[in-house]
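Okay, protein.txt is below, compact mmCIF, C-alpha atoms:
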# COMPACT_ATOMS: atom_id res chain seq x y z
CA MET A 1 33.66 26.35 -1.40
CA LYS A 2 32.63 28.94 -3.98
CA ARG A 3 31.65 32.46 -2.95
CA ILE A 4 28.01 31.92 -3.98
CA GLN A 5 27.84 28.81 -1.81
CA ILE A 6 29.20 30.72 1.16
CA VAL A 7 26.57 33.44 0.62
CA ALA A 8 23.82 30.78 0.34
CA LEU A 9 25.04 29.12 3.53
CA ALA A 10 25.06 32.47 5.34
CA LEU A 11 21.49 33.19 4.16
CA LEU A 12 20.42 29.75 5.33
CA VAL A 13 21.90 30.30 8.77
CA ILE A 14 20.20 33.72 8.98
CA ALA A 15 16.87 32.11 7.99
CA ALA A 16 17.33 29.42 10.64
CA ILE A 17 18.09 32.03 13.32
CA ALA A 18 15.08 34.09 12.20
CA CYS A 19 12.87 31.00 12.56
CA CYS A 20 14.13 30.52 16.12
CA PHE A 21 13.00 34.01 17.12
CA LEU A 22 9.43 33.81 15.78
CA GLY A 23 6.86 34.80 18.39
CA ALA A 24 3.63 33.05 19.40
CA GLY A 25 1.47 35.08 16.98
CA ALA A 26 3.66 34.42 13.95
CA LEU A 27 3.97 30.73 14.82
CA THR A 28 0.20 30.38 15.24
CA ARG A 29 -0.36 31.98 11.82
CA LEU A 30 2.30 29.70 10.32
CA GLN A 31 0.64 26.69 11.93
CA SER A 32 -2.76 27.66 10.51
CA GLY A 33 -1.16 28.04 7.07
CA PHE A 34 0.51 24.67 7.42
CA LEU A 35 -2.83 23.08 8.40
CA GLY A 36 -4.29 24.62 5.23
CA VAL A 37 -1.54 22.98 3.15
CA LEU A 38 -1.96 19.69 4.97
CA SER A 39 -5.76 19.68 4.71
CA PRO A 40 -6.16 18.26 1.15
CA PHE A 41 -3.66 15.49 1.87
CA THR A 42 -5.34 14.51 5.16
CA ARG A 43 -8.82 14.67 3.62
CA SER A 44 -7.76 12.55 0.63
CA GLY A 45 -6.10 10.06 2.96
CA HIS A 46 -9.23 9.93 5.11
CA VAL A 47 -11.38 9.18 2.03
CA VAL A 48 -9.02 6.37 0.98
CA GLN A 49 -8.94 5.01 4.53
CA ASN A 50 -12.75 5.01 4.68
CA SER A 51 -12.99 3.34 1.27
CA LEU A 52 -10.61 0.60 2.38
CA GLY A 53 -12.55 0.18 5.61
CA SER A 54 -15.88 -0.12 3.81
CA LEU A 55 -14.32 -2.62 1.39
CA GLY A 56 -13.83 -4.98 4.31
CA LYS A 57 -17.41 -4.43 5.48
CA ASP A 58 -18.77 -5.21 2.03
CA LEU A 59 -17.15 -8.62 2.15
CA MET A 60 -19.33 -9.96 4.98
CA THR A 61 -20.86 -13.36 4.45
CA LEU A 62 -24.63 -13.90 4.31
CA ASP A 63 -24.58 -15.47 7.79
CA GLN A 64 -22.75 -12.44 9.16
CA LEU A 65 -25.23 -10.13 7.47
CA GLN A 66 -28.17 -12.09 8.90
CA SER A 67 -26.75 -11.99 12.42
CA GLU A 68 -25.95 -8.28 12.03
CA TYR A 69 -29.55 -7.70 10.87
CA ASP A 70 -30.96 -9.62 13.84
CA ARG A 71 -28.73 -7.70 16.24
CA LEU A 72 -29.76 -4.36 14.77
CA LEU A 73 -33.44 -5.34 14.90
CA ILE A 74 -33.18 -6.07 18.63
CA GLU A 75 -31.17 -2.91 19.20
CA ASN A 76 -33.77 -0.91 17.28
CA ARG A 77 -36.56 -2.19 19.54
CA GLN A 78 -34.51 -1.44 22.63
CA LEU A 79 -33.75 2.06 21.42
CA ARG A 80 -37.41 2.71 20.62
CA ALA A 81 -38.38 1.65 24.11
CA GLU A 82 -35.62 3.78 25.61
CA ASN A 83 -36.57 6.67 23.39
CA ASN A 84 -40.14 6.61 24.64
CA GLY A 85 -38.90 6.70 28.20
CA LEU A 86 -36.41 9.46 27.44
CA ARG A 87 -39.04 11.59 25.72
CA ASP A 88 -40.95 11.74 28.97
CA LEU A 89 -37.77 12.51 30.86
CA LYS A 90 -36.88 15.23 28.36
CA GLU A 91 -40.26 16.90 28.79
CA GLU A 92 -39.89 16.73 32.54
CA ASN A 93 -36.32 18.03 32.32
CA ASP A 94 -37.38 20.89 30.03
CA ARG A 95 -40.06 21.86 32.51
CA PHE A 96 -37.58 21.89 35.38
CA ARG A 97 -35.02 23.84 33.39
CA ALA A 98 -37.58 26.38 32.30
CA THR A 99 -38.66 26.72 35.88
CA LEU A 100 -35.14 27.19 37.15
CA GLY A 101 -34.07 29.42 34.28
CA TYR A 102 -31.08 27.21 33.45
CA ARG A 103 -32.10 26.45 29.93
CA GLU A 104 -29.95 29.16 28.37
CA ARG A 105 -26.87 28.13 30.28
CA SER A 106 -27.00 24.44 29.55
CA SER A 107 -27.91 24.50 25.85
CA PHE A 108 -25.14 24.77 23.28
CA ARG A 109 -24.85 25.71 19.64
CA LEU A 110 -23.05 22.75 18.08
CA ILE A 111 -21.22 22.17 14.81
CA SER A 112 -20.78 18.51 13.90
CA ALA A 113 -17.39 17.45 12.56
CA VAL A 114 -15.78 14.25 11.32
CA VAL A 115 -12.45 13.16 12.82
CA LEU A 116 -9.92 13.01 9.98
CA SER A 117 -6.90 11.68 11.84
CA HIS A 118 -5.28 11.06 15.22
CA ASP A 119 -1.93 12.84 15.23
CA ALA A 120 1.17 10.70 15.37
CA GLU A 121 2.89 12.33 18.30
CA ALA A 122 4.15 10.46 21.33
CA TRP A 123 3.75 13.09 24.04
CA TRP A 124 0.76 15.09 22.76
CA SER A 125 -2.81 13.91 22.19
CA THR A 126 -4.39 15.74 19.28
CA ILE A 127 -6.81 14.96 16.46
CA LYS A 128 -7.76 16.77 13.29
CA ILE A 129 -11.38 17.47 12.33
CA ASN A 130 -12.90 18.48 9.01
CA ARG A 131 -14.23 21.90 10.07
CA GLY A 132 -12.43 25.20 10.26
CA SER A 133 -12.73 28.96 10.40
CA ARG A 134 -15.12 28.91 7.40
CA ASP A 135 -17.60 27.04 9.61
CA GLY A 136 -17.23 29.56 12.41
CA ILE A 137 -14.73 27.62 14.47
CA GLU A 138 -12.09 29.49 16.46
CA SER A 139 -9.35 28.35 18.78
CA ASP A 140 -10.24 27.49 22.40
CA MET A 141 -13.72 26.12 21.69
CA PRO A 142 -14.88 23.00 23.60
CA VAL A 143 -15.29 19.78 21.62
CA ILE A 144 -17.73 17.14 22.86
CA THR A 145 -19.50 13.95 21.88
CA ASP A 146 -22.88 12.74 23.05
CA ARG A 147 -21.03 10.94 25.86
CA GLY A 148 -18.87 13.73 27.18
CA LEU A 149 -15.99 16.16 26.78
CA VAL A 150 -13.35 15.45 24.12
CA GLY A 151 -11.06 18.49 24.31
CA LYS A 152 -10.67 21.98 22.86
CA THR A 153 -9.74 23.44 19.50
CA THR A 154 -6.23 24.81 19.10
CA ALA A 155 -4.90 25.57 15.58
CA VAL A 156 -7.61 26.47 13.06
CA SER A 157 -7.28 26.69 9.27
CA GLY A 158 -10.01 27.38 6.71
CA ASP A 159 -11.33 23.83 6.59
CA MET A 160 -9.42 21.86 9.20
CA THR A 161 -8.92 22.22 12.95
CA GLU A 162 -6.62 20.62 15.46
CA VAL A 163 -8.22 19.49 18.71
CA LEU A 164 -6.22 19.02 21.91
CA LEU A 165 -7.71 16.01 23.71
CA ILE A 166 -8.43 15.98 27.44
CA THR A 167 -5.92 13.11 27.76
CA ASP A 168 -3.13 15.58 26.94
CA GLU A 169 -1.12 16.90 29.85
CA ASN A 170 -1.62 20.45 28.54
CA CYS A 171 -5.42 20.29 28.50
CA LYS A 172 -6.46 21.33 31.99
CA VAL A 173 -10.14 21.34 32.92
CA ALA A 174 -11.69 22.69 36.12
CA SER A 175 -13.86 19.81 37.35
CA LYS A 176 -16.31 18.89 40.07
CA VAL A 177 -17.25 15.51 41.45
CA GLU A 178 -20.90 14.52 41.42
CA GLY A 179 -22.61 14.44 44.78
CA THR A 180 -19.75 16.17 46.63
CA LYS A 181 -18.30 19.64 46.97
CA GLU A 182 -14.94 18.43 45.66
CA GLN A 183 -13.43 20.44 42.83
CA GLY A 184 -10.08 19.97 41.13
CA ILE A 185 -8.09 20.27 37.93
CA CYS A 186 -8.36 17.42 35.47
CA SER A 187 -5.64 16.72 32.91
CA GLY A 188 -3.99 13.91 30.99
CA THR A 189 -0.57 12.42 31.56
CA ARG A 190 2.73 12.80 29.68
CA ALA A 191 2.43 9.47 27.91
CA PRO A 192 -1.36 9.19 27.75
CA GLU A 193 -2.72 5.74 28.46
CA GLY A 194 -6.33 6.82 28.14
CA GLU A 195 -6.73 7.80 31.79
CA LEU A 196 -7.19 11.23 33.31
CA SER A 197 -5.81 12.62 36.53
CA LEU A 198 -7.92 14.82 38.83
CA SER A 199 -5.62 16.79 41.15
CA PHE A 200 -5.93 19.40 43.92
CA LEU A 201 -8.74 17.55 45.68
CA ASN A 202 -9.07 17.54 49.44
CA LYS A 203 -6.75 14.80 50.67
CA LEU A 204 -9.53 13.58 52.96
CA ALA A 205 -12.12 13.49 50.17
CA ASP A 206 -14.35 10.44 50.25
CA LEU A 207 -14.46 9.53 46.57
CA GLN A 208 -15.79 6.20 45.45
CA PRO A 209 -15.17 4.39 42.15
CA GLY A 210 -18.02 5.05 39.74
CA GLN A 211 -18.73 8.62 40.80
CA LYS A 212 -19.20 10.96 37.83
CA VAL A 213 -17.02 14.00 37.24
CA TYR A 214 -18.26 17.06 35.33
CA THR A 215 -16.73 20.30 34.10
CA ALA A 216 -16.97 23.04 36.73
CA GLY A 217 -17.30 25.95 34.29
CA VAL A 218 -14.93 28.59 35.60
CA ASN A 219 -15.66 32.22 34.71
CA GLY A 220 -13.72 33.19 31.59
CA GLY A 221 -12.69 29.56 31.02
CA VAL A 222 -13.01 27.49 27.87
CA PHE A 223 -15.34 24.78 29.10
CA PRO A 224 -18.93 25.42 30.17
CA SER A 225 -20.29 23.83 33.30
CA GLY A 226 -21.93 20.43 33.46
CA ILE A 227 -20.29 18.48 30.63
CA ALA A 228 -19.50 14.88 31.56
CA LEU A 229 -15.77 14.37 31.86
CA GLY A 230 -15.24 10.92 33.30
CA THR A 231 -15.83 8.40 36.05
CA VAL A 232 -13.70 7.96 39.16
CA LYS A 233 -11.56 4.81 39.02
CA GLY A 234 -9.44 5.34 42.09
CA PHE A 235 -8.33 7.89 44.67
CA HIS A 236 -5.18 8.35 46.71
CA ALA A 237 -4.05 11.05 49.11
CA ARG A 238 -0.75 12.81 48.41
CA GLU A 239 1.32 14.94 50.76
CA LEU A 240 -0.67 18.13 50.17
CA ASP A 241 -3.76 17.12 48.21
CA GLY A 242 -5.73 14.19 46.87
CA GLU A 243 -5.59 12.78 43.35
CA ALA A 244 -8.17 10.68 41.55
CA THR A 245 -7.75 8.70 38.35
CA LEU A 246 -10.64 8.95 35.91
CA GLU A 247 -11.93 6.93 33.00
CA PRO A 248 -12.96 9.46 30.29
CA SER A 249 -16.67 9.50 29.46
CA ALA A 250 -16.05 9.85 25.72
CA ASP A 251 -14.34 6.99 23.90
CA LEU A 252 -11.28 8.98 22.86
CA GLY A 253 -9.57 6.07 21.14
CA ASN A 254 -12.39 5.54 18.65
CA LEU A 255 -13.63 9.02 17.88
CA GLU A 256 -15.36 9.33 14.53
CA GLU A 257 -17.74 12.25 14.91
CA VAL A 258 -17.55 15.11 17.39
CA PHE A 259 -19.35 18.40 18.05
CA VAL A 260 -17.69 21.77 18.47
CA VAL A 261 -19.46 24.02 20.95
CA THR A 262 -19.55 27.44 19.32
CA GLY A 263 -21.63 29.12 22.00
CA ALA A 264 -24.82 29.00 23.97
CA LYS A 265 -28.23 28.92 22.30
CA MET B 266 17.42 13.44 -11.66
CA LYS B 267 18.59 17.01 -11.14
CA THR B 268 18.98 18.35 -7.62
CA GLY B 269 16.23 20.96 -8.12
CA LEU B 270 13.67 18.41 -9.25
CA LEU B 271 14.61 16.01 -6.49
CA PHE B 272 14.31 18.82 -3.95
CA ILE B 273 10.82 19.73 -5.22
CA LEU B 274 9.77 16.08 -5.11
CA LEU B 275 11.00 15.80 -1.53
CA LEU B 276 9.09 18.99 -0.66
CA ILE B 277 5.87 17.60 -2.15
CA LEU B 278 6.38 14.37 -0.23
CA LEU B 279 6.61 16.28 3.06
CA PRO B 280 2.85 16.99 3.59
CA CYS B 281 2.02 13.56 2.12
CA VAL B 282 4.18 11.86 4.74
CA VAL B 283 2.84 14.02 7.60
CA ALA B 284 -0.75 13.22 6.58
CA LEU B 285 0.08 9.53 6.15
CA GLN B 286 1.72 9.16 9.57
CA ASP B 287 -1.38 10.71 11.16
CA LEU B 288 -3.64 8.26 9.34
CA LEU B 289 -1.65 5.13 10.20
CA PRO B 290 -3.15 3.12 13.06
CA SER B 291 -1.37 3.03 16.40
CA LEU B 292 0.64 0.00 17.45
CA PRO B 293 0.11 -2.21 20.49
CA PRO B 294 0.77 -2.42 23.41
CA ALA B 295 0.63 1.27 24.45
CA GLN B 296 -0.85 2.89 21.33
CA GLU B 297 2.54 3.91 19.92
CA ARG B 298 2.54 5.76 16.62
CA ILE B 299 4.74 5.23 13.57
CA LEU B 300 6.73 8.33 12.57
CA LEU B 301 7.53 8.66 8.88
CA LEU B 302 8.92 12.20 8.86
CA PRO B 303 12.37 11.12 10.17
CA LEU B 304 12.56 8.52 7.37
CA LEU B 305 11.90 11.13 4.70
CA PHE B 306 14.30 13.56 6.35
CA CYS B 307 17.12 10.99 6.41
CA PHE B 308 16.57 10.13 2.76
CA GLY B 309 16.47 13.80 1.80
CA VAL B 310 19.62 14.92 3.60
CA MET B 311 21.58 11.85 2.51
CA VAL B 312 20.71 12.14 -1.15
CA LEU B 313 20.96 15.93 -1.58
CA PRO B 314 24.20 17.93 -1.75
CA LEU B 315 25.17 19.87 1.41
CA LEU B 316 23.42 23.21 0.86
CA PRO B 317 20.08 21.82 -0.41
CA ALA B 318 20.31 19.22 2.37
CA LEU B 319 20.61 21.95 4.99
CA LEU B 320 17.73 23.89 3.43
CA TYR B 321 15.64 20.71 3.45
CA ALA B 322 16.60 20.13 7.09
CA LEU B 323 15.43 23.65 7.94
CA ILE B 324 12.06 23.07 6.20
CA VAL B 325 11.58 19.72 7.97
CA ALA B 326 12.50 21.41 11.26
CA VAL B 327 9.86 24.10 10.73
CA VAL B 328 7.24 21.47 9.83
CA GLN B 329 8.15 19.40 12.89
CA GLY B 330 7.99 22.52 15.06
CA LEU B 331 4.55 23.41 13.71
CA ILE B 332 3.30 19.86 14.30
CA LEU B 333 4.38 20.08 17.95
CA LEU B 334 3.36 23.70 18.48
CA GLN B 335 1.10 24.27 21.47
CA VAL B 336 0.29 27.82 22.50
CA GLU B 337 -1.16 28.12 26.00
CA ALA B 338 -2.18 31.58 27.22
CA GLY B 339 0.01 33.26 24.60
CA GLN B 340 3.08 31.21 25.56
CA VAL B 341 4.74 28.78 23.17
CA GLU B 342 5.65 25.55 24.90
CA LEU B 343 8.18 24.34 22.31
CA GLY B 344 9.36 26.84 19.73
CA LEU B 345 11.37 26.16 16.60
CA VAL B 346 14.79 26.37 18.26
CA GLY B 347 14.86 22.72 19.32
CA PRO B 348 13.77 21.26 15.95
CA VAL B 349 16.10 23.58 13.98
CA VAL B 350 19.15 22.65 16.06
CA PHE B 351 18.16 18.98 16.04
CA TYR B 352 17.61 18.63 12.29
CA PHE B 353 20.60 20.81 11.36
CA GLY B 354 22.82 18.68 13.58
CA TRP B 355 21.57 15.46 12.10
CA ALA B 356 21.79 16.81 8.53
CA ILE B 357 25.49 17.70 8.98
CA PHE B 358 26.18 14.36 10.68
CA LEU B 359 24.43 12.38 7.94
CA GLN B 360 26.27 14.27 5.21
CA MET B 361 29.53 13.37 6.92
CA ALA B 362 28.39 9.77 7.32
CA ASN B 363 27.57 9.71 3.63
CA ASP B 364 31.09 10.79 2.75
CA THR B 365 32.66 8.38 5.24
CA THR B 366 30.74 5.32 4.13
CA ARG B 367 31.25 6.26 0.47
CA ALA B 368 27.77 5.09 -0.39
CA MET B 369 24.14 6.01 0.02
CA ARG B 370 22.85 2.60 1.04
CA TRP B 371 19.60 1.38 2.47
CA GLU B 372 21.34 0.05 5.60
CA ILE B 373 22.69 3.50 6.48
CA HIS B 374 19.25 5.02 5.84
CA ALA B 375 17.55 2.43 8.08
CA ILE B 376 19.99 2.89 10.97
CA ALA B 377 19.92 6.69 10.61
CA SER B 378 16.09 6.72 10.56
CA ALA B 379 15.94 4.68 13.77
CA MET B 380 18.56 6.87 15.43
CA VAL B 381 16.83 10.11 14.40
CA THR B 382 13.44 8.80 15.63
CA LEU B 383 14.98 7.62 18.91
CA SER B 384 16.79 10.90 19.54
CA LEU B 385 13.77 12.96 18.48
CA LEU B 386 11.39 11.23 20.91
CA THR B 387 13.95 11.16 23.72
CA GLY B 388 14.73 14.84 23.18
CA GLU B 389 11.04 15.78 23.19
CA PHE B 390 10.52 13.83 26.40
CA LEU B 391 13.50 15.43 28.14
CA ILE B 392 12.51 18.95 27.06
CA LEU B 393 8.95 18.36 28.30
CA CYS B 394 10.30 17.09 31.61
CA ALA B 395 12.45 20.20 31.93
CA LYS B 396 9.56 22.52 31.01
CA ARG B 397 6.70 20.85 32.86
CA GLY B 398 8.66 19.31 35.71
CA GLY B 399 8.79 15.70 36.87
CA PHE B 400 10.53 12.77 35.26
CA PRO B 401 7.91 10.03 34.82
CA LEU B 402 10.17 7.46 33.20
CA ASP B 403 8.15 4.25 33.19
CA ALA B 404 7.46 1.32 30.88
CA THR B 405 4.92 3.31 28.85
CA VAL B 406 7.42 6.09 28.18
CA LEU B 407 10.10 3.58 27.15
CA LEU B 408 7.63 1.88 24.81
CA ARG B 409 6.62 5.27 23.38
CA ILE B 410 10.27 5.87 22.50
CA GLY B 411 11.39 2.35 21.64
CA VAL B 412 8.56 1.03 19.49
CA PRO B 413 8.50 3.91 16.93
CA SER B 414 12.31 3.70 16.68
CA ALA B 415 12.19 -0.04 16.06
CA ALA B 416 9.34 0.49 13.58
CA ALA B 417 11.48 3.08 11.76
CA LEU B 418 14.31 0.55 11.49
CA LEU B 419 11.96 -2.04 10.00
CA ILE B 420 10.03 0.26 7.67
CA ALA B 421 13.03 2.27 6.43
CA PRO B 422 14.24 -0.22 3.79
CA PHE B 423 10.79 -0.34 2.14
CA PHE B 424 10.50 3.43 2.38
CA TYR B 425 13.98 3.77 0.89
CA LEU B 426 13.14 1.48 -2.05
CA LEU B 427 9.89 3.36 -2.65
CA LEU B 428 11.66 6.73 -2.66
CA ARG B 429 14.42 5.40 -4.90
CA SER B 430 11.79 4.26 -7.39
CA LEU B 431 10.08 7.67 -7.21
CA ALA B 432 13.34 9.57 -7.47
CA PRO B 433 15.91 7.68 -9.54
CA LEU B 434 19.34 9.11 -8.82
CA ASP B 435 21.85 10.00 -11.52
CA SER B 436 25.63 10.27 -11.46
CA ARG B 437 25.62 13.59 -9.62
CA LEU B 438 23.62 12.35 -6.67
CA GLY B 439 23.30 9.47 -4.30
CA LEU B 440 24.76 6.06 -5.00
CA ALA B 441 26.55 6.85 -8.18
CA LYS B 442 28.08 10.02 -6.72
CA LEU B 443 29.72 8.00 -4.01
CA LYS B 444 31.31 5.28 -6.08
CA PRO B 445 35.01 4.84 -5.27
CA PRO B 446 37.25 7.02 -7.44
CA GLY B 447 38.29 5.40 -10.68
CA LEU B 448 35.06 3.43 -11.15
CA GLU B 449 33.04 6.33 -12.52
CA ALA B 450 34.31 5.92 -16.09

As structure tokens, please, write out the structure in this file.
Amino acid sequence: MKRIQIVALALLVIAAIACCFLGAGALTRLQSGFLGVLSPFTRSGHVVQNSLGSLGKDLMTLDQLQSEYDRLLIENRQLRAENNGLRDLKEENDRFRATLGYRERSSFRLISAVVLSHDAEAWWSTIKINRGSRDGIESDMPVITDRGLVGKTTAVSGDMTEVLLITDENCKVASKVEGTKEQGICSGTRAPEGELSLSFLNKLADLQPGQKVYTAGVNGGVFPSGIALGTVKGFHARELDGEATLEPSADLGNLEEVFVVTGAK
Amino acid sequence: MKTGLLFILLLILLPCVVALQDLLPSLPPAQERILLLPLLFCFGVMVLPLLPALLYALIVAVVQGLILLQVEAGQVELGLVGPVVFYFGWAIFLQMANDTTRAMRWEIHAIASAMVTLSLLTGEFLILCAKRGGFPLDATVLLRIGVPSAAALLIAPFFYLLLRSLAPLDSRLGLAKLKPPGLEA
């Protein structure tokens, strides 16, 4: 081995050792930089993926188009009817909230974002969205859909953000069960199968399948109170506490558009 | 193709492959994902000479570490130590395998890709078990490890052919480098 090769090898080993001793701050900055590098590739891939997807949609037959049109017509009428009903409910709800002074607490400033990709990792559940620090997004902001909680932002680059889903074991959410005083910690599992686990409940808790679970909104926490999290599927008592399995409210397997909560209105 | 050019090409392919593996749909039955990074890594370290191969392994290790990085309350769950040791180890082993088999063939690449994927996922699982506690080894976990490894074995030959067409190798690298002595003239 030539002398220059030995020097290069020594430098390489030193670089590797230096990498091993990087702290959380340096790694976070590196990760944001890496997301910035990755962003154009992911965005381009997303555009191609969408184009290929729409190609298939364009190839529908006339019969399929007619049935799709009929279905949408019926759905439109249903939605109009529902909308009329909901408008009344909204007015009533606004009145109650104004009366109780809760309006400020339960209204959020939202930034809409498109899901670019679901990350290909076996033990972590993360997605990437097309908004970043330029849109005012920071790490540890809640991400929701109209149906419920999705997760929280982690690494943020200029125009792309990584979101840790609630099905990840690392995403822990203080939660409360509707109609009871039960509170617990909700998280995903190591190999997420789309279910959530709600732990630290009273082992004698009387939970029934179908009961709704909402975020509890701990002081200084990431998630505000009252966001739908999931529905109870089952409950079993353990040695020291009770554990419930939940079906997430948001359809985490088919996320296309999400909202990042940047603060209260 | 000169080593420098090949190295740059492999570097450019790195974010492409990371983005592509994120965009690929998950596989049934338990939503397993296809990992392409180990395939590119195996190709890179088998086709490059030792020092560039180790440098490439270090870069892949950093990328892998950043993909997996989760910082909770200022604490890093998995730093870069694991990926650096893992990819350095595999890079040295694959260089030795290259010399032993006297050829850079698609079969070696396919088997190596599957082995790297298998050991990567198993290692991640074991480290998480050690860090978070518990050892939930069930059918889902086995599928999460087994299916991507099997997929790597099946996809690797196509990936290898694609990379060979993108980066034709000359007498100093790859196949031709490893011809038995006496056949080079």

- Task: Could you check how far CA of Lys212 (chain A) sits from CA of Thr153 (chain A), in Å to one decimal?
- Result: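 A separation of 24.1 Å between them.
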
- Message: Can you tell me which residues surround Val328 (chain B) at a distance of at most 12 Å, considering all atoms listed in the file, apart from same-chain residues fewer than 4 positions away, and format the answer as a PyMOL selection string?
- Response: (chain A and resi 19+27+30-35+37-38) or (chain B and resi 276+279-280+282-284+302-303+306+321-324+332-334+344-345+348-349+352)

Take the residues that were just selected and, keeping C-alpha atoms, output them as an mmCIF file, keeping the file's coordinate frame.
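Result file again.cif:
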data_model
loop_
_atom_site.group_PDB
_atom_site.id
_atom_site.type_symbol
_atom_site.label_atom_id
_atom_site.label_comp_id
_atom_site.auth_asym_id
_atom_site.auth_seq_id
_atom_site.Cartn_x
_atom_site.Cartn_y
_atom_site.Cartn_z
ATOM 1 C CA CYS A 19 12.870 31.000 12.560
ATOM 2 C CA LEU A 27 3.970 30.730 14.820
ATOM 3 C CA LEU A 30 2.300 29.700 10.320
ATOM 4 C CA GLN A 31 0.640 26.690 11.930
ATOM 5 C CA SER A 32 -2.760 27.660 10.510
ATOM 6 C CA GLY A 33 -1.160 28.040 7.070
ATOM 7 C CA PHE A 34 0.510 24.670 7.420
ATOM 8 C CA LEU A 35 -2.830 23.080 8.400
ATOM 9 C CA VAL A 37 -1.540 22.980 3.150
ATOM 10 C CA LEU A 38 -1.960 19.690 4.970
ATOM 11 C CA LEU B 276 9.090 18.990 -0.660
ATOM 12 C CA LEU B 279 6.610 16.280 3.060
ATOM 13 C CA PRO B 280 2.850 16.990 3.590
ATOM 14 C CA VAL B 282 4.180 11.860 4.740
ATOM 15 C CA VAL B 283 2.840 14.020 7.600
ATOM 16 C CA ALA B 284 -0.750 13.220 6.580
ATOM 17 C CA LEU B 302 8.920 12.200 8.860
ATOM 18 C CA PRO B 303 12.370 11.120 10.170
ATOM 19 C CA PHE B 306 14.300 13.560 6.350
ATOM 20 C CA TYR B 321 15.640 20.710 3.450
ATOM 21 C CA ALA B 322 16.600 20.130 7.090
ATOM 22 C CA LEU B 323 15.430 23.650 7.940
ATOM 23 C CA ILE B 324 12.060 23.070 6.200
ATOM 24 C CA ILE B 332 3.300 19.860 14.300
ATOM 25 C CA LEU B 333 4.380 20.080 17.950
ATOM 26 C CA LEU B 334 3.360 23.700 18.480
ATOM 27 C CA GLY B 344 9.360 26.840 19.730
ATOM 28 C CA LEU B 345 11.370 26.160 16.600
ATOM 29 C CA PRO B 348 13.770 21.260 15.950
ATOM 30 C CA VAL B 349 16.100 23.580 13.980
ATOM 31 C CA TYR B 352 17.610 18.630 12.290
#

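Closest to chain A among B:Met361, B:Glu372, B:Leu316, B:Gly398 is B:Leu316, based on all atoms listed in the file.
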
- Message: Env of Met141 (chain A): 9 Å cut, atoms = all atoms listed in the file, seq-sep filter 6 positions within chain, self excluded. Answer as a list in words.
- Response: Gly151, Lys152, Thr153, Thr154, Val222, Phe223, Val260, Val261, Thr262 and Gly263 of chain A

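Shell of region 402-415 of chain B at 8 Å, with all atoms listed in the file counted and residues fewer than 5 places along the chain excluded, is Ala122 and Ala191 of chain A; Ala295, Glu297, Arg298, Ile299, Leu300, Ser378, Ala379, Met380, Thr382, Leu383, Leu386 and Thr387 of chain B.
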
- Item | Selected residue, from A:Gly217, A:Gly194, A:Gly242, A:Gly148, that lies nearest to Gln296 (chain B) when counting only C-alpha atoms |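 Of the candidates, the smallest distance to Gln296 (chain B) is held by A:Gly194.
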
- Message: Contacts from chain A to chain B, 7 Å maximum, all atoms listed in the file: show me the residue list as a PyMOL selection string.
- Response: chain A and resi 9+12+16+19-20+24+31+38+41-42+45+117-122+191+193

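Distances from B:Leu278, B:Pro293, B:Trp355, B:Gly388 to Leu343 (chain B) were compared using all atoms listed in the file, and the smallest one belongs to B:Gly388.
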
- Residue nearest Thr180 (chain A) among A:Asp63, A:Ser199, A:Leu207, A:Thr161 (counting all atoms listed in the file):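 Of all the options, A:Leu207 lies closest to Thr180 (chain A).
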
- Find, counting all atoms listed in the file, the residue in A:Val258, A:Ser175, A:Lys265, A:Lys203 that gets nearest to Gly230 (chain A).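 The answer is A:Ser175, which sits nearest to Gly230 (chain A).
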
- Message: Give me, as a list in words, all polymer residues having an atom no more than 8 Å from Glu247 (chain A), counting only C-alpha atoms and skipping those fewer than 5 positions away in the same chain.
- Response: Gly194, Glu195, Leu196, Gly230, Thr231, Val232 and Lys233 of chain A

- Out of A:Glu169, A:Pro209, A:Asn50, A:Glu178, which residue has the shortest atom-to-atom distance to Glu256 (chain A) when counting all atoms listed in the file? A:Asn50

- Message: List as an NGL selection string the protein and nucleic acid residues near Ala377 (chain B), meaning an atom at most 12 Å away when all atoms listed in the file are counted, but skip any in the same chain fewer than 5 places from it.
- Response: :B and (303-311 or 355-356 or 358-360 or 362-363 or 369-372 or 382-385 or 414-415 or 417-419 or 421-422 or 425)

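Atom to atom, CA of Leu72 (chain A) and CA of Gly85 (chain A) stand 19.7 Å apart.
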
- What does the distance from CA of Pro248 (chain A) to CA of Pro224 (chain A) come to in Å, to one decimal?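 Taking CA of Pro248 (chain A) and CA of Pro224 (chain A), their separation equals 17.0 Å.
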